[in-house]
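Trainee: So here's data12.cif, just mmCIF, C-alpha atoms and all ligand atoms:
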```
data_coords
#
loop_
_atom_site.label_atom_id
_atom_site.label_comp_id
_atom_site.auth_asym_id
_atom_site.auth_seq_id
_atom_site.Cartn_x
_atom_site.Cartn_y
_atom_site.Cartn_z
CA MET A 23 18.25 85.43 283.70
CA LYS A 24 16.06 83.64 281.13
CA LYS A 25 17.17 80.14 282.21
CA ASN A 26 14.43 79.81 284.86
CA TYR A 27 11.63 80.33 282.38
CA SER A 28 10.96 77.06 280.62
CA ASN A 29 9.02 78.70 277.76
CA ILE A 30 11.75 81.24 276.89
CA TYR A 31 14.18 79.85 274.30
CA SER A 32 17.45 81.13 272.87
CA PHE A 33 17.72 81.46 269.11
CA ASN A 34 19.12 78.34 267.41
CA LYS A 35 18.29 75.92 264.58
CA LYS A 36 16.38 73.57 266.84
CA ILE A 37 13.98 76.20 268.17
CA ILE A 38 13.41 77.61 264.67
CA LYS A 39 12.35 74.17 263.45
CA LYS A 40 10.11 73.64 266.48
CA THR A 41 8.54 77.10 266.07
CA VAL A 42 7.90 76.61 262.33
CA ASN A 43 6.02 73.39 263.06
CA PHE A 44 4.14 75.00 265.92
CA LEU A 45 3.03 77.93 263.73
CA LYS A 46 1.95 75.53 260.97
CA LEU A 47 -0.47 74.04 263.50
CA ASN A 48 -1.95 77.55 263.95
CA ASN A 49 -0.47 78.07 267.40
CA ILE A 50 0.73 81.44 268.74
CA VAL A 51 4.31 82.31 269.77
CA GLY A 52 6.12 85.33 271.24
CA LEU A 53 8.81 86.70 268.90
CA PRO A 54 11.40 89.48 268.90
CA THR A 55 11.45 92.23 266.28
CA GLU A 56 13.66 95.29 266.06
CA THR A 57 10.78 97.55 267.21
CA VAL A 58 9.00 95.60 269.98
CA TYR A 59 8.18 91.94 270.69
CA GLY A 60 5.13 90.51 268.93
CA LEU A 61 2.51 87.80 269.32
CA ALA A 62 2.74 85.84 266.06
CA GLY A 63 0.31 83.53 264.28
CA ASN A 64 -0.57 82.31 260.77
CA ALA A 65 -2.22 85.29 259.02
CA TYR A 66 -4.09 82.92 256.68
CA SER A 67 -5.78 81.02 259.52
CA ASP A 68 -8.98 82.18 261.25
CA LYS A 69 -8.17 79.81 264.08
CA ALA A 70 -4.75 81.40 264.73
CA ILE A 71 -6.13 84.94 264.49
CA LYS A 72 -8.92 84.18 266.97
CA LYS A 73 -6.26 82.95 269.42
CA ILE A 74 -4.29 86.20 269.08
CA TYR A 75 -7.33 88.40 269.78
CA SER A 76 -8.35 86.34 272.75
CA LEU A 77 -4.84 86.18 274.28
CA LYS A 78 -4.43 89.94 273.93
CA LYS A 79 -8.03 90.71 274.97
CA ARG A 80 -8.04 92.95 271.93
CA PRO A 81 -11.28 94.35 270.48
CA ARG A 82 -12.07 92.44 267.27
CA ARG A 83 -12.54 95.67 265.30
CA ASN A 84 -8.85 96.53 265.61
CA PRO A 85 -6.88 95.09 262.68
CA LEU A 86 -3.46 93.42 262.90
CA ILE A 87 -0.21 94.06 261.00
CA ILE A 88 0.78 91.26 258.61
CA HIS A 89 4.53 90.51 258.47
CA TYR A 90 6.36 89.23 255.37
CA TYR A 91 9.89 88.19 254.43
CA ASN A 92 9.89 90.45 251.35
CA TYR A 93 7.47 92.16 248.93
CA GLU A 94 7.44 89.15 246.57
CA LYS A 95 5.72 87.14 249.29
CA ALA A 96 3.07 89.86 249.76
CA LYS A 97 2.20 90.18 246.07
CA LYS A 98 -0.98 88.16 246.09
CA ASP A 99 -2.33 89.74 249.27
CA VAL A 100 -2.17 93.49 248.50
CA TYR A 101 -2.06 95.96 245.61
CA PHE A 102 1.29 97.79 245.54
CA ASN A 103 1.73 101.35 244.25
CA LYS A 104 4.60 103.73 243.42
CA ASN A 105 4.77 105.28 246.88
CA PHE A 106 5.05 101.82 248.39
CA PHE A 107 8.07 100.92 246.26
CA LYS A 108 9.81 104.22 247.02
CA LEU A 109 9.52 103.66 250.76
CA TYR A 110 10.20 99.92 250.54
CA LYS A 111 13.47 100.56 248.72
CA ARG A 112 14.64 103.06 251.30
CA PHE A 113 13.44 101.56 254.60
CA CYS A 114 12.83 97.81 254.26
CA PRO A 115 13.39 95.56 255.97
CA GLY A 116 12.79 97.91 258.87
CA PRO A 117 10.46 99.70 261.30
CA ILE A 118 7.74 100.87 258.89
CA THR A 119 4.23 99.53 258.19
CA PHE A 120 2.27 100.25 255.01
CA VAL A 121 -1.52 100.30 254.74
CA LEU A 122 -2.48 99.17 251.22
CA LYS A 123 -5.61 97.96 249.43
CA LYS A 124 -6.32 94.28 250.01
CA ASN A 125 -6.01 92.08 246.92
CA LYS A 126 -9.22 90.31 245.91
CA ASN A 127 -7.32 87.01 245.82
CA SER A 128 -5.76 87.51 249.22
CA ASN A 129 -5.68 84.58 251.63
CA ILE A 130 -5.42 86.78 254.71
CA SER A 131 -8.04 85.96 257.31
CA SER A 132 -10.70 88.69 257.26
CA LEU A 133 -10.60 88.55 261.08
CA ALA A 134 -7.00 89.84 260.96
CA THR A 135 -8.02 92.89 258.93
CA ALA A 136 -11.26 93.45 260.90
CA SER A 137 -13.11 92.98 257.59
CA LEU A 138 -11.59 96.18 256.15
CA ASN A 139 -10.65 96.29 252.46
CA THR A 140 -7.14 97.42 253.44
CA VAL A 141 -4.18 95.57 254.97
CA ALA A 142 -1.25 96.82 257.05
CA ILE A 143 1.96 95.05 256.02
CA ARG A 144 5.49 95.16 257.42
CA PHE A 145 8.89 93.64 256.60
CA PRO A 146 10.75 93.26 259.90
CA LYS A 147 14.54 93.23 260.10
CA HIS A 148 15.32 91.26 263.27
CA ARG A 149 17.08 88.03 262.30
CA VAL A 150 14.86 85.72 264.36
CA ILE A 151 11.62 86.80 262.68
CA LYS A 152 13.33 87.03 259.27
CA THR A 153 14.59 83.47 259.57
CA LEU A 154 11.12 82.21 260.46
CA LEU A 155 9.39 84.14 257.67
CA LYS A 156 11.85 82.73 255.19
CA PHE A 157 10.90 79.14 256.08
CA LEU A 158 7.13 79.69 256.32
CA SER A 159 4.70 79.51 253.40
CA PHE A 160 2.37 82.04 255.08
CA PRO A 161 2.87 85.53 256.57
CA LEU A 162 2.59 86.24 260.30
CA ALA A 163 -0.07 88.42 261.86
CA MET A 164 1.70 90.02 264.77
CA PRO A 165 0.47 92.66 267.20
CA SER A 166 2.71 93.81 270.02
CA ALA A 167 2.93 91.07 272.67
CA ASN A 168 1.02 92.83 275.47
CA ILE A 169 -2.50 92.72 276.84
CA SER A 170 -4.53 95.32 274.93
CA SER A 171 -3.95 99.00 275.89
CA GLY A 172 -0.75 98.30 277.91
CA LEU A 173 2.92 98.93 277.16
CA SER A 174 4.60 97.01 274.33
CA PRO A 175 7.25 94.50 275.51
CA ILE A 176 10.86 95.04 274.50
CA ASP A 177 12.43 91.82 275.76
CA ALA A 178 11.48 88.16 276.19
CA PHE A 179 10.93 88.56 279.92
CA ASN A 180 8.43 91.41 279.34
CA VAL A 181 6.46 88.99 277.14
CA PHE A 182 6.58 86.37 279.87
CA GLU A 183 5.24 88.93 282.38
CA GLU A 184 2.25 89.59 280.10
CA PHE A 185 1.26 86.00 279.23
CA LYS A 186 3.18 83.75 281.65
CA LYS A 187 2.80 80.10 280.58
CA LYS A 188 -0.09 80.79 278.20
CA LEU A 189 2.56 80.89 275.47
CA LYS A 190 4.43 77.64 274.87
CA ILE A 191 7.24 79.39 273.01
CA ILE A 192 8.83 82.82 273.49
CA ILE A 193 12.05 83.29 271.53
CA ASP A 194 14.67 85.49 273.19
CA GLY A 195 16.25 87.74 270.58
CA GLY A 196 17.73 90.26 273.01
CA ARG A 197 16.38 93.73 273.72
CA SER A 198 14.45 95.31 270.83
CA LYS A 199 16.90 97.98 269.60
CA ILE A 200 14.31 100.53 268.48
CA GLY A 201 12.02 100.07 271.49
CA ILE A 202 8.82 101.61 270.09
CA GLU A 203 6.35 100.33 267.48
CA SER A 204 6.81 100.85 263.73
CA THR A 205 5.72 103.98 261.87
CA VAL A 206 2.35 103.25 260.21
CA VAL A 207 1.75 105.05 256.90
CA ASP A 208 -1.48 104.82 254.93
CA LEU A 209 -0.71 104.67 251.19
CA THR A 210 -4.21 103.82 249.94
CA ASN A 211 -4.84 107.48 249.03
CA HIS A 212 -2.83 110.59 249.60
CA PRO A 213 -0.10 109.41 252.07
CA LYS A 214 -0.91 109.83 255.73
CA ILE A 215 0.94 108.92 258.93
CA LEU A 216 -1.40 106.90 261.16
CA ARG A 217 1.14 106.18 263.90
CA PRO A 218 4.47 108.02 264.23
CA GLY A 219 7.60 105.92 264.85
CA ILE A 220 11.38 106.11 264.70
CA ILE A 221 11.18 106.85 260.96
CA SER A 222 9.90 110.43 261.15
CA PRO A 223 7.25 112.14 258.99
CA ASN A 224 10.00 114.33 257.47
CA GLU A 225 12.09 111.36 256.35
CA ILE A 226 9.02 109.90 254.63
CA LYS A 227 8.06 113.26 253.10
CA ASN A 228 11.57 113.59 251.66
CA ILE A 229 11.31 110.25 249.90
CA LEU A 230 7.76 110.71 248.61
CA LYS A 231 8.34 114.38 247.78
CA THR A 232 4.83 115.20 248.92
CA ASN A 233 3.00 116.60 251.92
CA PHE A 234 0.73 114.49 254.05
CA SER A 235 -3.01 114.44 253.88
CA LYS A 236 -4.57 116.73 256.50
CA LYS A 237 -7.91 114.96 256.29
CA LYS A 238 -9.29 113.84 259.61
CA ILE A 239 -8.61 110.19 260.37
CA ASN A 240 -11.66 107.99 260.50
CA LEU A 241 -9.86 104.67 260.18
CA ARG A 242 -10.65 102.11 262.78
CA SER A 243 -7.36 101.26 264.36
CA PRO A 244 -6.09 100.66 267.89
CA GLY A 245 -3.31 103.23 267.45
CA MET A 246 -6.12 105.78 267.25
CA MET A 247 -7.77 104.64 270.44
CA LYS A 248 -7.57 107.17 273.25
CA LYS A 249 -6.35 104.91 276.03
CA HIS A 250 -3.29 103.07 274.80
CA TYR A 251 0.34 102.49 275.74
CA SER A 252 -0.67 102.79 279.39
CA PRO A 253 1.80 101.81 282.16
CA GLY A 254 -1.14 101.21 284.55
CA ILE A 255 -0.56 104.33 286.70
CA PRO A 256 -1.47 107.97 285.92
CA VAL A 257 0.84 109.85 283.54
CA ILE A 258 0.91 113.66 283.78
CA ILE A 259 2.71 115.67 281.12
CA GLY A 260 4.50 119.01 281.48
CA GLN A 261 4.46 119.19 285.29
CA LYS A 262 7.00 118.50 288.02
CA PRO A 263 6.36 115.72 290.58
CA LYS A 264 4.75 116.78 293.84
CA ASN A 265 6.68 114.38 296.09
CA ILE A 266 9.16 111.48 296.00
CA ASN A 267 6.40 108.87 295.53
CA HIS A 268 6.02 110.33 292.07
CA ALA A 269 8.45 109.42 289.29
CA TYR A 270 9.76 112.11 286.95
CA ILE A 271 10.66 111.21 283.36
CA VAL A 272 13.17 113.72 282.02
CA PHE A 273 15.33 114.19 278.95
CA GLY A 274 18.79 115.75 278.46
CA LYS A 275 21.81 116.98 280.43
CA ARG A 276 20.19 119.71 282.51
CA PHE A 277 18.58 117.23 284.92
CA LYS A 278 20.68 115.93 287.79
CA SER A 279 20.20 112.36 288.96
CA SER A 280 17.78 111.74 291.78
CA LYS A 281 16.03 108.66 293.14
CA ASN A 282 12.75 109.50 291.43
CA TYR A 283 14.24 110.99 288.23
CA PHE A 284 14.44 108.77 285.16
CA ASN A 285 16.39 110.22 282.25
CA LEU A 286 15.39 108.93 278.80
CA SER A 287 18.73 110.11 277.43
CA LYS A 288 21.33 112.03 279.43
CA LYS A 289 23.11 113.06 276.25
CA GLY A 290 19.86 114.34 274.72
CA ASP A 291 19.61 111.76 271.94
CA LEU A 292 15.98 111.23 270.87
CA LYS A 293 16.64 107.81 269.34
CA GLU A 294 18.13 106.62 272.60
CA ALA A 295 15.18 108.17 274.44
CA ALA A 296 12.69 106.20 272.30
CA ALA A 297 14.59 102.99 272.98
CA ASN A 298 14.44 103.64 276.75
CA LEU A 299 10.81 104.82 276.99
CA TYR A 300 8.96 101.54 277.69
CA LYS A 301 11.83 100.09 279.67
CA ILE A 302 11.76 103.09 282.01
CA MET A 303 7.97 103.13 282.30
CA ARG A 304 7.93 99.45 283.26
CA LYS A 305 10.70 100.04 285.80
CA ILE A 306 8.83 102.96 287.39
CA LYS A 307 5.70 100.83 287.78
CA LYS A 308 7.71 97.95 289.23
CA ASN A 309 9.44 100.22 291.74
CA GLY A 310 6.02 101.12 293.19
CA PHE A 311 5.72 104.77 292.15
CA LYS A 312 2.11 105.99 292.21
CA LYS A 313 2.27 108.52 289.36
CA ILE A 314 4.51 109.46 286.46
CA TYR A 315 5.27 113.10 285.65
CA VAL A 316 6.97 113.93 282.38
CA SER A 317 9.09 116.97 281.51
CA LYS A 318 8.96 118.48 278.03
CA ILE A 319 10.45 116.32 275.28
CA PRO A 320 11.49 117.98 271.98
CA SER A 321 8.91 117.40 269.28
CA PHE A 322 10.92 116.53 266.19
CA GLY A 323 12.31 113.31 264.69
CA PRO A 324 11.77 110.38 267.10
CA GLY A 325 10.48 112.96 269.62
CA ILE A 326 7.19 113.04 267.69
CA ALA A 327 6.66 109.33 268.37
CA ILE A 328 7.73 109.65 272.03
CA ASN A 329 5.27 112.49 272.62
CA ASP A 330 2.52 110.56 270.81
CA ARG A 331 2.95 107.54 273.11
CA LEU A 332 3.22 109.67 276.26
CA SER A 333 0.15 111.66 275.36
CA ARG A 334 -1.90 108.47 274.76
CA ALA A 335 -0.56 107.00 278.01
CA SER A 336 -1.81 110.12 279.82
CA LYS A 337 -5.40 109.82 278.56
O1 LIG A 401 6.38 97.55 265.39
C1 LIG A 401 5.27 97.06 265.20
O2 LIG A 401 4.50 97.47 264.32
C2 LIG A 401 4.84 95.90 266.11
C3 LIG A 401 5.76 94.69 265.80
C4 LIG A 401 5.38 93.48 266.60
O3 LIG A 401 5.76 94.41 264.42
N1 LIG A 401 3.46 95.58 265.94
C5 LIG A 401 2.46 96.39 266.38
O4 LIG A 401 1.17 95.90 266.16
O5 LIG A 401 2.67 97.45 266.93
P1 LIG A 401 -0.10 96.46 266.94
O6 LIG A 401 -1.18 95.49 266.66
O7 LIG A 401 0.22 96.67 268.34
O8 LIG A 401 -0.47 97.79 266.21
C6 LIG A 401 -1.10 97.71 264.94
C7 LIG A 401 -1.32 99.07 264.35
C8 LIG A 401 -2.56 99.71 264.87
O9 LIG A 401 -2.24 100.87 265.58
C9 LIG A 401 -3.35 100.12 263.65
O10 LIG A 401 -3.41 101.53 263.59
C10 LIG A 401 -2.58 99.68 262.47
O11 LIG A 401 -1.52 98.89 262.94
N2 LIG A 401 -3.37 98.94 261.48
C11 LIG A 401 -3.43 97.60 261.23
N3 LIG A 401 -4.20 97.32 260.17
C12 LIG A 401 -4.66 98.51 259.71
C13 LIG A 401 -5.49 98.90 258.62
N4 LIG A 401 -6.00 98.02 257.76
N5 LIG A 401 -5.73 100.21 258.45
C14 LIG A 401 -5.20 101.13 259.31
N6 LIG A 401 -4.41 100.82 260.34
C15 LIG A 401 -4.14 99.54 260.55
MG MG A 402 0.15 97.33 270.25
#
```
Starting from the file, give its structure as structure tokens.
Ligand code: TXA
Ligand code: MG

Mentor:
Amino acid sequence: MKKNYSNIYSFNKKIIKKTVNFLKLNNIVGLPTETVYGLAGNAYSDKAIKKIYSLKKRPRRNPLIIHYYNYEKAKKDVYFNKNFFKLYKRFCPGPITFVLKKNKNSNISSLATASLNTVAIRFPKHRVIKTLLKFLSFPLAMPSANISSGLSPIDAFNVFEEFKKKLKIIIDGGRSKIGIESTVVDLTNHPKILRPGIISPNEIKNILKTNFSKKKINLRSPGMMKKHYSPGIPVIIGQKPKNINHAYIVFGKRFKSSKNYFNLSKKGDLKEAAANLYKIMRKIKKNGFKKIYVSKIPSFGPGIAINDRLSRASK
């Protein structure tokens, strides 16, 4: 399928070398991660960061996640704390992002952090991005590879659909296994989940042995924006479709198959449902449905993240 797209490359030594050189020149590339595909650039370069914001049409006040090979490489950019190390040991590399205080000696472009005194950092697991981060002397700022407020891409072709030939390199690393964005946890004060993900609040609570802060969020971050994760057509939650021009997203065994029914997981597995969510929403849009109705999805584990994304998509 990918062969026709001259800017989509398979993963091999040659493309890694080419991409490393390209990133060193502060260019932007499309890369796979285990959560979703990202738009990557040198986090230490204002020039690269400006390109990311302009490609994504992202408001400048919304900070980016900075991706590292391991914590050693992040040492001079942030201040670590005990909670960080507990979660790092258990979940990294993996689908979790930590908000920490920015180190005074940090080289991260202040454009990437929207001039905040905090930084969101992540240690991705996918072998393509890990290989690149290992060879690079700088971390990668990497938002999801979609135009601002749309659905995150989960394969190389989705990235192509968003940016076409505006990207010179998109590396194909297969379908993102997790399929939704990382869990974002603020560790600057009392721990707080800013964006739920496949790693659930309970799993994090169990490691930190603490409850989360109930304080109202006043952080400036795109995950907090009302309209986000939108498929581009109306999404209505908790109601049945009115006619067959409306798609119905369902979950579990009790739904029979029908032309306009899209089951996130027939066997009722929430992890599988999360992995299918954006794929199904893109498919519904492509098939020309005018509206998406969504049945009730259980609200525990990965279900918390699924409901979060659906509720933002419905705003
Ligand atoms: O799974 C992921 O996290 C993907 C892959 C590509 O790594 N990236 C991603 O980035 O989802 P993006 O830009 O689409 O979302 C960034 C999120 C925002 O929702 C925002 O809340 C949070 O990271 N964020 C970044 N910097 C922050 C900061 N200093 N304080 C609070 N939140 C921050
Ligand atoms: Mg995003």

Trainee: Scan for residues within 6 Å of the point (3.7, 98.2, 273.7) in the coordinates of the file, using all atoms listed in the file, and reply as a PyMOL selection string.

Mentor: chain A and resi 166+173-175+251

Trainee: For a quick check of understanding, using only C-alpha atoms and all ligand atoms, which of A:Leu138, A:Leu299, A:Ile258, A:Leu61 has the smallest distance to ligand MG 402 (chain A)?

Mentor: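 When distances to ligand MG 402 (chain A) are compared using only C-alpha atoms and all ligand atoms, the smallest one comes from A:Leu61.
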
Trainee: How close does each residue of chain A get to ligand LIG 401 (chain A), giving the shortest atom pair and distance in Å to one decimal for every residue with an atom at most 7 Å away, counting only C-alpha atoms and all ligand atoms, sorted by chain and residue number, as CSV?

Mentor:
```
residue,atom,partner,partner_atom,distance
A:Thr55,CA,A:LIG401,C4,6.2
A:Thr57,CA,A:LIG401,O1,4.8
A:Val58,CA,A:LIG401,C3,5.4
A:Tyr59,CA,A:LIG401,C4,5.2
A:Gly60,CA,A:LIG401,C4,3.8
A:Leu61,CA,A:LIG401,C4,6.9
A:Asn84,CA,A:LIG401,C9,6.9
A:Pro85,CA,A:LIG401,N3,4.3
A:Leu86,CA,A:LIG401,C11,4.5
A:Ile87,CA,A:LIG401,C11,4.8
A:Pro117,CA,A:LIG401,O1,6.2
A:Thr119,CA,A:LIG401,O2,6.5
A:Val121,CA,A:LIG401,N5,5.6
A:Thr135,CA,A:LIG401,N4,5.6
A:Leu138,CA,A:LIG401,N4,6.1
A:Thr140,CA,A:LIG401,N4,4.5
A:Val141,CA,A:LIG401,N4,4.1
A:Ala142,CA,A:LIG401,N3,4.3
A:Pro146,CA,A:LIG401,O3,6.8
A:Met164,CA,A:LIG401,C4,5.4
A:Pro165,CA,A:LIG401,O6,3.3
A:Ser166,CA,A:LIG401,O7,4.1
A:Ala167,CA,A:LIG401,C4,7.0
A:Ile202,CA,A:LIG401,O1,6.7
A:Glu203,CA,A:LIG401,O1,3.5
A:Ser204,CA,A:LIG401,O1,3.7
A:Val206,CA,A:LIG401,O11,6.4
A:Asp208,CA,A:LIG401,C14,6.8
A:Leu216,CA,A:LIG401,O10,6.2
A:Arg217,CA,A:LIG401,O10,6.5
A:Leu241,CA,A:LIG401,C14,5.9
A:Arg242,CA,A:LIG401,C14,6.5
A:Ser243,CA,A:LIG401,O10,4.0
A:Pro244,CA,A:LIG401,O9,4.5
A:Gly245,CA,A:LIG401,O9,3.2
A:Met246,CA,A:LIG401,O10,6.2
```

Trainee: Given the choices A:Ser137, A:Ser67, A:Asn105, A:Asn267, which gets closest to Lys227 (chain A) if the distance is worked out from all atoms listed in the file?

Mentor: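 The shortest atom-to-atom distance to Lys227 (chain A) comes from A:Asn105.
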
Trainee: Between A:Lys199, A:Lys186, A:Lys301, A:Lys126, which residue has the minimum interatomic distance to Lys97 (chain A), considering only C-alpha atoms?

Mentor: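 The shortest atom-to-atom distance to Lys97 (chain A) comes from A:Lys126.
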
Trainee: Between CA of Ile176 (chain A) and CA of Glu294 (chain A), what is the distance, to one decimal in Å?

Mentor: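 Computed distance, CA of Ile176 (chain A) to CA of Glu294 (chain A), equals 13.8 Å.
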
Trainee: Pick from A:Tyr75, A:Tyr110, A:Phe120, A:Tyr31: nearest to ligand MG 402 (chain A), with only C-alpha atoms and all ligand atoms counted?

Mentor: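 Smallest distance to ligand MG 402 (chain A) is found for A:Tyr75.
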
Trainee: A:Asn298, A:Thr153, A:Asn127, A:Ser170: which is nearest ligand MG 402 (chain A), counting all atoms listed in the file?

Mentor: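 Checking each candidate against ligand MG 402 (chain A), we get A:Ser170 as the closest.
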
Trainee: Please report the interatomic distance between CA of Ser321 (chain A) and CA of Pro218 (chain A) in Å with one decimal.

Mentor: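 Atom-to-atom, CA of Ser321 (chain A) and CA of Pro218 (chain A) are spaced 11.5 Å apart.
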
Trainee: Looking at A:Ile220, A:Ile169, A:Leu332, A:Ile302, which one is nearest to ligand MG 402 (chain A), with distances taken over all atoms listed in the file?

Mentor: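 For ligand MG 402 (chain A), the nearest of the given residues is A:Ile169.
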
Trainee: What gap, in Å, lies between CA of Asn233 (chain A) and CA of Asn211 (chain A)?

Mentor: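 One can read the CA of Asn233 (chain A) to CA of Asn211 (chain A) distance as 12.4 Å.
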
Trainee: Quick one: everything within 10 Å of Ile221 (chain A), counting all atoms listed in the file, minus sequence neighbours fewer than 4 positions away in the same chain. Send it as a ChimeraX atom specification.

Mentor: /A:113,116-118,204-206,225-226,323-324,326-327

Trainee: Write out as number ranges by chain each polymer residue whose atoms come within 7 Å of Ser252 (chain A), counting only C-alpha atoms; drop sequence neighbours fewer than 6 positions from it.

Mentor: A: 171-173, 335

Trainee: What would the list of residues within 12 Å of (-0.6, 109.3, 293.2) (file frame) look like as a list in words, if all atoms listed in the file are what count?

Mentor: Gly254, Ile255, Pro256, Val257, Ile258, Pro263, Lys264, Asn265, Ile266, Asn267, His268, Ala269, Lys307, Gly310, Phe311, Lys312, Lys313, Ile314 and Tyr315 of chain A

Trainee: Give me the residues near Lys262 (chain A) as a PDB file with C-alpha atoms, keeping the file's coordinate frame, where near means some atom within 8 Å (using all atoms listed in the file) and where sequence neighbours in that chain fewer than 4 positions away do not count.

Mentor:
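Contents of result-v9.pdb, freshly written:
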```
ATOM      1  CA  TYR A 270       9.760 112.110 286.950  1.00  0.00           C
ATOM      2  CA  TYR A 315       5.270 113.100 285.650  1.00  0.00           C
ATOM      3  CA  VAL A 316       6.970 113.930 282.380  1.00  0.00           C
ATOM      4  CA  SER A 317       9.090 116.970 281.510  1.00  0.00           C
TER       5      SER A 317
END
```

Trainee: Env of region 191-196 of chain A: 6 Å cut, atoms = all atoms listed in the file, seq-sep filter 3 positions within chain, self excluded. Answer as a PyMOL selection string.

Mentor: chain A and resi 29-32+51-54+178

Trainee: Build an axis-aligned box that encloses every atom of region 106-118 of chain A listed in the file, pad it by 3 Å on each side, and report its centre and edge lengths in Å to one decimal, as JSON.

Mentor:
```
{"center_x": 9.8, "center_y": 99.9, "center_z": 253.8, "size_x": 15.6, "size_y": 14.7, "size_z": 21.0}
```

Trainee: Taking 5 positions as the minimum chain separation for residues in the same chain, which residues sit within 10 Å of Tyr93 (chain A) when counting all atoms listed in the file? Answer as an mmCIF file with C-alpha atoms, keeping the file's coordinate frame.

Mentor:
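Final output, saved to selection01.cif:
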```
data_model
loop_
_atom_site.group_PDB
_atom_site.id
_atom_site.type_symbol
_atom_site.label_atom_id
_atom_site.label_comp_id
_atom_site.auth_asym_id
_atom_site.auth_seq_id
_atom_site.Cartn_x
_atom_site.Cartn_y
_atom_site.Cartn_z
ATOM 1 C CA LYS A 98 -0.980 88.160 246.090
ATOM 2 C CA VAL A 100 -2.170 93.490 248.500
ATOM 3 C CA PHE A 102 1.290 97.790 245.540
ATOM 4 C CA PHE A 106 5.050 101.820 248.390
ATOM 5 C CA PHE A 107 8.070 100.920 246.260
ATOM 6 C CA TYR A 110 10.200 99.920 250.540
ATOM 7 C CA CYS A 114 12.830 97.810 254.260
ATOM 8 C CA PRO A 115 13.390 95.560 255.970
ATOM 9 C CA ILE A 143 1.960 95.050 256.020
ATOM 10 C CA ARG A 144 5.490 95.160 257.420
ATOM 11 C CA PHE A 145 8.890 93.640 256.600
#
```
